[in-house]
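Shown below: work27.txt, with compact mmCIF, C-alpha atoms.
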# COMPACT_ATOMS: atom_id res chain seq x y z
CA MET A 1 30.57 -20.07 -40.78
CA ALA A 2 27.65 -22.09 -39.42
CA ASP A 3 26.78 -19.26 -37.06
CA ASP A 4 26.75 -16.75 -39.90
CA GLY A 5 24.48 -19.03 -41.86
CA GLU A 6 22.06 -19.37 -38.98
CA LYS A 7 21.95 -15.57 -38.51
CA ALA A 8 21.30 -15.04 -42.19
CA HIS A 9 18.54 -17.62 -42.12
CA SER A 10 16.96 -15.88 -39.11
CA VAL A 11 17.09 -12.48 -40.86
CA ASP A 12 15.56 -13.94 -44.01
CA GLU A 13 12.82 -15.53 -41.90
CA ASP A 14 12.01 -12.19 -40.20
CA GLU A 15 11.84 -10.41 -43.54
CA SER A 16 9.44 -13.04 -44.89
CA LEU A 17 6.92 -12.39 -42.09
CA THR A 18 3.97 -10.11 -42.69
CA PHE A 19 3.31 -7.14 -40.41
CA GLY A 20 0.45 -8.99 -38.73
CA GLN A 21 2.64 -12.04 -38.08
CA LYS A 22 5.35 -9.84 -36.55
CA VAL A 23 2.81 -8.19 -34.25
CA LYS A 24 1.43 -11.57 -33.25
CA ARG A 25 4.90 -12.90 -32.46
CA GLU A 26 5.75 -9.77 -30.44
CA LEU A 27 2.53 -10.08 -28.45
CA HIS A 28 3.30 -13.73 -27.77
CA GLU A 29 6.74 -12.83 -26.44
CA TRP A 30 5.23 -10.15 -24.19
CA ALA A 31 2.63 -12.62 -22.94
CA VAL A 32 5.35 -15.13 -22.03
CA THR A 33 7.33 -12.41 -20.26
CA LEU A 34 4.31 -11.25 -18.26
CA ALA A 35 3.35 -14.83 -17.45
CA VAL A 36 6.71 -15.16 -15.70
CA PHE A 37 6.95 -11.63 -14.24
CA ILE A 38 3.47 -11.28 -12.73
CA PRO A 39 3.61 -14.39 -10.49
CA VAL A 40 7.12 -13.40 -9.32
CA PHE A 41 5.91 -9.87 -8.58
CA MET A 42 2.84 -11.16 -6.72
CA ILE A 43 4.95 -13.49 -4.59
CA PHE A 44 7.46 -10.72 -3.83
CA SER A 45 4.74 -8.17 -2.99
CA GLY A 46 2.72 -10.65 -0.97
CA LEU A 47 5.53 -12.18 1.08
CA LEU A 48 8.41 -9.71 1.21
CA TYR A 49 7.97 -6.04 0.35
CA GLU A 50 5.55 -3.81 -1.45
CA GLN A 51 5.59 -0.12 -2.35
CA ARG A 52 3.02 2.34 -1.03
CA VAL A 53 2.62 6.04 -1.82
CA ILE A 54 1.80 8.41 1.05
CA PRO A 55 -1.53 10.10 0.18
CA SER A 56 -1.91 12.66 3.00
CA GLU A 57 -0.02 14.80 5.51
CA SER A 58 -1.04 12.85 8.61
CA MET A 59 2.54 11.59 9.13
CA VAL A 60 4.40 14.90 8.60
CA PRO A 61 7.28 15.48 9.36
CA THR A 62 8.27 11.80 9.21
CA LEU A 63 6.60 11.20 5.86
CA GLN A 64 5.54 13.68 3.20
CA VAL A 65 2.81 13.47 0.57
CA SER A 66 4.04 11.44 -2.44
CA ASP A 67 6.79 9.64 -0.53
CA ARG A 68 7.14 6.13 -1.89
CA VAL A 69 7.84 3.76 0.98
CA ALA A 70 8.87 0.12 1.24
CA VAL A 71 6.54 -1.90 3.46
CA SER A 72 7.81 -5.11 5.06
CA LYS A 73 5.09 -7.73 4.65
CA PHE A 74 6.73 -10.33 6.93
CA ALA A 75 7.24 -8.03 9.93
CA TYR A 76 4.02 -9.04 11.70
CA GLY A 77 3.04 -12.23 9.89
CA TYR A 78 0.49 -12.81 7.14
CA ASP A 79 -3.27 -12.74 6.74
CA ARG A 80 -5.85 -11.74 4.12
CA TYR A 81 -4.73 -8.09 4.23
CA SER A 82 -1.18 -9.05 3.27
CA LEU A 83 -2.11 -9.73 -0.34
CA PRO A 84 -1.07 -7.05 -2.86
CA PHE A 85 -3.65 -4.70 -4.40
CA SER A 86 -5.94 -5.40 -1.39
CA LEU A 87 -7.05 -8.65 -3.04
CA GLY A 88 -7.81 -10.11 0.38
CA ARG A 89 -11.04 -8.12 0.51
CA TYR A 90 -12.47 -10.07 -2.38
CA LEU A 91 -11.06 -13.57 -1.98
CA PRO A 92 -12.57 -16.20 0.37
CA ILE A 93 -9.54 -16.34 2.67
CA PRO A 94 -10.09 -17.52 6.28
CA GLU A 95 -9.60 -15.02 9.07
CA GLY A 96 -6.55 -15.28 11.29
CA ARG A 97 -2.85 -14.52 11.03
CA ILE A 98 0.08 -16.89 10.60
CA PHE A 99 3.56 -16.20 11.99
CA ALA A 100 1.91 -13.39 13.95
CA ARG A 101 4.12 -10.91 15.81
CA THR A 102 3.10 -7.89 17.86
CA PRO A 103 4.36 -4.50 16.64
CA LYS A 104 6.63 -2.41 18.85
CA ARG A 105 5.69 0.98 20.18
CA GLY A 106 6.87 3.56 17.67
CA ASP A 107 6.55 1.33 14.59
CA VAL A 108 5.03 3.01 11.53
CA VAL A 109 2.45 0.57 10.22
CA VAL A 110 0.35 0.26 7.08
CA PHE A 111 -3.12 -1.16 7.69
CA GLU A 112 -6.64 -1.33 6.34
CA HIS A 113 -9.11 1.02 8.02
CA PRO A 114 -11.42 -1.08 10.24
CA HIS A 115 -14.57 0.70 8.99
CA THR A 116 -13.76 1.35 5.31
CA ALA A 117 -11.67 -0.17 2.54
CA ARG A 118 -9.00 2.54 2.77
CA VAL A 119 -5.35 1.61 3.33
CA MET A 120 -3.73 3.97 5.85
CA ILE A 121 -0.45 4.60 7.66
CA LYS A 122 0.02 5.64 11.31
CA ARG A 123 2.41 5.18 14.23
CA VAL A 124 1.86 2.61 16.99
CA ILE A 125 1.39 4.41 20.31
CA GLY A 126 -0.64 1.93 22.37
CA LEU A 127 -0.27 -1.85 22.62
CA PRO A 128 -2.83 -4.34 23.97
CA GLY A 129 -3.66 -3.56 27.59
CA ASP A 130 -2.16 -0.06 27.53
CA ARG A 131 -4.07 2.88 28.96
CA ILE A 132 -3.68 5.85 26.61
CA GLN A 133 -4.80 9.44 27.12
CA MET A 134 -3.95 12.87 25.69
CA ILE A 135 -3.72 15.65 28.26
CA GLY A 136 -2.66 19.12 27.12
CA GLU A 137 -1.03 17.80 23.89
CA THR A 138 0.99 15.23 25.86
CA VAL A 139 0.57 11.48 25.42
CA TYR A 140 0.11 9.58 28.67
CA ILE A 141 0.83 5.85 28.58
CA ASN A 142 -0.28 3.86 31.61
CA GLY A 143 -0.43 7.05 33.65
CA ASN A 144 3.03 8.31 32.68
CA PRO A 145 3.63 11.22 30.27
CA ILE A 146 5.80 10.35 27.31
CA ASP A 147 9.09 12.25 27.24
CA SER A 148 8.72 15.26 24.93
CA GLU A 149 11.40 17.73 23.83
CA PHE A 150 10.67 20.90 21.85
CA ILE A 151 12.92 21.08 18.78
CA ARG A 152 11.98 24.12 16.70
CA THR A 153 9.28 26.19 15.05
CA VAL A 154 8.79 25.64 11.31
CA ARG A 155 6.66 27.24 8.62
CA TYR A 156 5.63 25.33 5.52
CA VAL A 157 2.92 25.21 2.89
CA PRO A 158 0.74 22.10 3.32
CA HIS A 159 0.08 19.95 0.29
CA GLY A 160 -2.65 21.39 -1.92
CA ARG A 161 -2.73 24.75 -0.15
CA SER A 162 -1.30 28.15 -0.97
CA ARG A 163 -0.70 29.60 2.49
CA ALA A 164 2.01 28.68 4.95
CA VAL A 165 1.21 27.38 8.41
CA THR A 166 3.25 27.40 11.60
CA ALA A 167 4.05 24.10 13.28
CA TYR A 168 5.96 23.30 16.45
CA GLU A 169 8.25 20.32 16.09
CA TRP A 170 8.68 18.03 19.10
CA ARG A 171 10.64 14.84 19.67
CA GLU A 172 8.81 12.16 21.64
CA THR A 173 10.75 9.30 23.21
CA ALA A 174 9.27 6.04 24.46
CA GLU A 175 10.54 4.18 27.52
CA ASP A 176 12.66 1.86 25.37
CA GLY A 177 14.47 4.83 23.80
CA THR A 178 12.61 4.78 20.48
CA SER A 179 11.93 8.34 19.37
CA TRP A 180 10.13 10.17 16.59
CA LEU A 181 9.31 13.73 15.53
CA THR A 182 5.82 15.20 15.68
CA HIS A 183 4.23 18.42 14.53
CA ARG A 184 1.81 20.35 16.72
CA GLN A 185 0.02 23.55 15.86
CA GLU A 186 -2.10 25.80 18.03
CA LYS A 187 -3.09 24.47 21.45
CA GLY A 188 -6.72 23.61 22.02
CA ASP A 189 -7.25 21.31 19.03
CA ARG A 190 -9.90 18.67 19.64
CA GLY A 191 -7.26 15.93 19.75
CA ASP A 192 -5.15 17.61 22.43
CA ASN A 193 -7.29 16.28 25.31
CA THR A 194 -9.10 12.95 25.23
CA VAL A 195 -10.85 10.44 27.41
CA LEU A 196 -8.88 7.50 28.74
CA PHE A 197 -8.56 4.67 26.24
CA VAL A 198 -7.90 1.05 27.27
CA VAL A 199 -6.50 -0.86 24.29
CA PRO A 200 -8.29 -4.23 23.89
CA GLU A 201 -6.41 -7.49 23.35
CA GLY A 202 -5.46 -7.99 19.74
CA HIS A 203 -5.75 -4.28 18.92
CA LEU A 204 -3.51 -1.21 18.58
CA PHE A 205 -3.86 2.49 19.35
CA LEU A 206 -2.47 4.46 16.41
CA MET A 207 -1.68 8.13 15.92
CA GLY A 208 -0.35 10.33 13.13
CA ASP A 209 2.82 12.34 13.70
CA ASN A 210 1.04 15.43 12.36
CA ARG A 211 -1.09 15.68 15.48
CA ASP A 212 -3.53 18.36 14.31
CA ASN A 213 -4.07 16.77 10.90
CA SER A 214 -4.71 13.10 11.60
CA LEU A 215 -8.04 11.33 12.14
CA ASP A 216 -6.65 8.56 14.33
CA SER A 217 -7.39 6.50 17.42
CA ARG A 218 -7.82 9.61 19.60
CA PHE A 219 -11.23 10.37 18.12
CA LEU A 220 -14.39 8.63 19.30
CA SER A 221 -16.07 8.42 15.90
CA GLY A 222 -14.41 5.06 15.30
CA HIS A 223 -14.85 3.74 18.85
CA CYS A 224 -17.72 2.52 20.95
CA PRO A 225 -19.51 5.15 23.03
CA PRO A 226 -17.48 5.83 26.20
CA ILE A 227 -18.52 4.32 29.51
CA ASP A 228 -17.71 6.52 32.52
CA GLY A 229 -15.11 8.33 30.43
CA VAL A 230 -13.26 5.13 29.55
CA VAL A 231 -13.42 3.62 26.08
CA ASP A 232 -12.64 -0.08 26.40
CA ARG A 233 -15.00 -1.92 24.06
CA VAL A 234 -15.11 -2.69 20.34
CA GLY A 235 -17.83 -3.77 17.97
CA CYS A 236 -20.39 -1.05 18.79
CA PRO A 237 -22.23 1.00 16.14
CA LEU A 238 -20.43 4.03 14.77
CA SER A 239 -21.61 7.50 15.69
CA VAL A 240 -20.92 8.81 12.16
CA GLU A 241 -20.85 7.44 8.63
CA SER A 242 -18.10 4.87 8.25
CA ASP A 243 -16.17 6.92 5.68
CA GLN A 244 -15.94 9.77 8.19
CA ALA A 245 -14.99 7.65 11.19
CA SER A 246 -11.62 7.57 12.86
CA VAL A 247 -9.62 4.36 12.80
CA GLY A 248 -10.59 3.61 16.42
CA PHE A 249 -8.76 0.63 17.87
CA VAL A 250 -7.13 -1.14 14.92
CA PRO A 251 -7.25 -4.97 14.95
CA MET A 252 -3.82 -6.51 14.40
CA ASP A 253 -5.22 -8.73 11.68
CA HIS A 254 -5.81 -5.54 9.64
CA LEU A 255 -2.07 -4.87 9.42
CA VAL A 256 -0.50 -4.88 5.97
CA GLY A 257 3.06 -4.46 7.18
CA ARG A 258 5.70 -2.20 8.72
CA THR A 259 7.07 0.84 6.89
CA GLU A 260 10.83 0.51 6.61
CA THR A 261 12.28 3.00 4.14
CA VAL A 262 11.44 6.00 1.99
CA ILE A 263 12.43 4.70 -1.44
CA MET A 264 12.08 8.07 -3.15
CA SER A 265 9.90 11.15 -3.07
CA LEU A 266 8.45 13.74 -5.43
CA TYR A 267 7.83 16.09 -2.50
CA ARG A 268 8.34 19.72 -3.51
CA CYS A 269 10.74 20.75 -0.77
CA LYS A 270 11.07 24.30 -2.15
CA PHE A 271 7.77 25.17 -0.50
CA GLU A 272 9.36 25.06 2.95
CA ASP A 273 10.49 28.42 4.33
CA SER A 274 14.31 28.53 4.27
CA GLU A 275 14.39 24.78 4.79
CA PRO A 276 16.90 22.92 2.61
CA CYS A 277 15.60 19.87 0.78
CA LYS A 278 16.30 16.81 2.84
CA LYS A 279 17.53 13.64 1.21
CA ARG A 280 14.47 11.52 0.62
CA VAL A 281 15.92 8.71 -1.47
CA TRP A 282 16.36 5.36 0.25
CA ARG A 283 16.08 6.93 3.69
CA GLY A 284 15.24 4.77 6.69
CA LEU A 285 12.61 5.89 9.18

Represent the structure contained in this file as structure tokens.
Amino acid sequence: MADDGEKAHSVDEDESLTFGQKVKRELHEWAVTLAVFIPVFMIFSGLLYEQRVIPSESMVPTLQVSDRVAVSKFAYGYDRYSLPFSLGRYLPIPEGRIFARTPKRGDVVVFEHPHTARVMIKRVIGLPGDRIQMIGETVYINGNPIDSEFIRTVRYVPHGRSRAVTAYEWRETAEDGTSWLTHRQEKGDRGDNTVLFVVPEGHLFLMGDNRDNSLDSRFLSGHCPPIDGVVDRVGCPLSVESDQASVGFVPMDHLVGRTETVIMSLYRCKFEDSEPCKKRVWRGL
């Protein structure tokens, strides 16, 4: 009976409130909820995982435009770029990285472009000290060609276009057995043959899986001018405007995290010629 009385009293109290008082109370309850939720979300996104949406086709076929991916923030340690919403650009946080770990060859990493404020995603091809070169579409690492196997020819309509293109799908396998799929198009693209790159200490050489549609470390616009055909320095002036520059060598302290899983996707698979929609919900890379 006491419980019924308390409920009745509560109902009577609600009915006695004016519309403005009800709105004020509702706003107060939302404010309390957000005051608890936002710090928890910030801690989770800053220390554990955050979601990123793929904005371009540079990582096709591994990742498609609009894929929502989970990024592990603790994979390589923490620094100013680990903060959610790119807050590290604006806060007076000291440089340096704590709990730092070096990525593995083949990791798909999210990072901040060294020359602009853009957040990007590419695959790690070269580690500090590696000598990287493209010769006839083939990646050479320390003088050895990476193992490449032709898989198939595919036709698909790129995002934002109306005409289909032909791509040749290859599987590349690193020495440790890690493998990934790449797309190549017609031979002779400007990224198919490059100078020899020597990756500086504390930096990475990154490439997109969609080899003819990725402005990555292969292109000199983000590097120093070459010396005797070998690019091995950083910190020199850019040859183009920064927003048009390649990523060059990417400093490890620009890493946001490692891409782990495709959470879900809004990719319109029906655009692919005779290609069934692949499961893109909670799919590991």

Exercise for the section: Compile the contact shell of Glu175 (chain A) as a ChimeraX atom specification: residues with an atom at most 12 Å away, counting only C-alpha atoms, same-chain residues fewer than 5 positions apart removed. Expected result: /A:104-106,125,140-142,144-148

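Our summary of the geometry notes that CA of Asp253 (chain A) is positioned 26.8 Å from CA of Gly177 (chain A).
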
Handout entry: Who sits within 10 Å of region 47-58 of chain A, all atoms listed in the file, same chain under 2 positions skipped, as a PyMOL selection string
Key = chain A and resi 41-45+60-75+77-78+82-85+110+119-122+158-159+183+207-216+256-265

Starting from 4 Å padding per side, set up an axis-aligned box that covers all listed atoms of region 200-209 of chain A and hand over centre and edge lengths in Å, one decimal, as lines of an AutoDock Vina configuration file.
center_x = -2.7
center_y = 2.2
center_z = 18.5
size_x = 19.1
size_y = 28.3
size_z = 18.8

Exercise for the section: Take CA of Glu201 (chain A) and CA of Asp243 (chain A) and report the distance between them in Å, one decimal. Expected result: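 So the answer is 24.8 Å.
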
Practice task
Counting all atoms listed in the file, note down every residue that has an atom within 12 Å of the point (3.5, 22.4, 15.4) (file coordinates), as a VMD selection string.
Solution key: chain A and resid 60 to 61 137 150 to 156 165 to 171 181 to 187 189 209 to 213

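Between CA of Thr194 (chain A) and CA of Gln133 (chain A) the separation is 5.9 Å.
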
Practice task
With a distance cut-off of 7 Å and all atoms listed in the file, select the neighbouring residues of Val199 (chain A), excluding the residue or stretch itself and same-chain residues fewer than 5 positions from it, and output the selection as a PyMOL selection string.
Solution key: chain A and resi 126-131+204-205+232+249
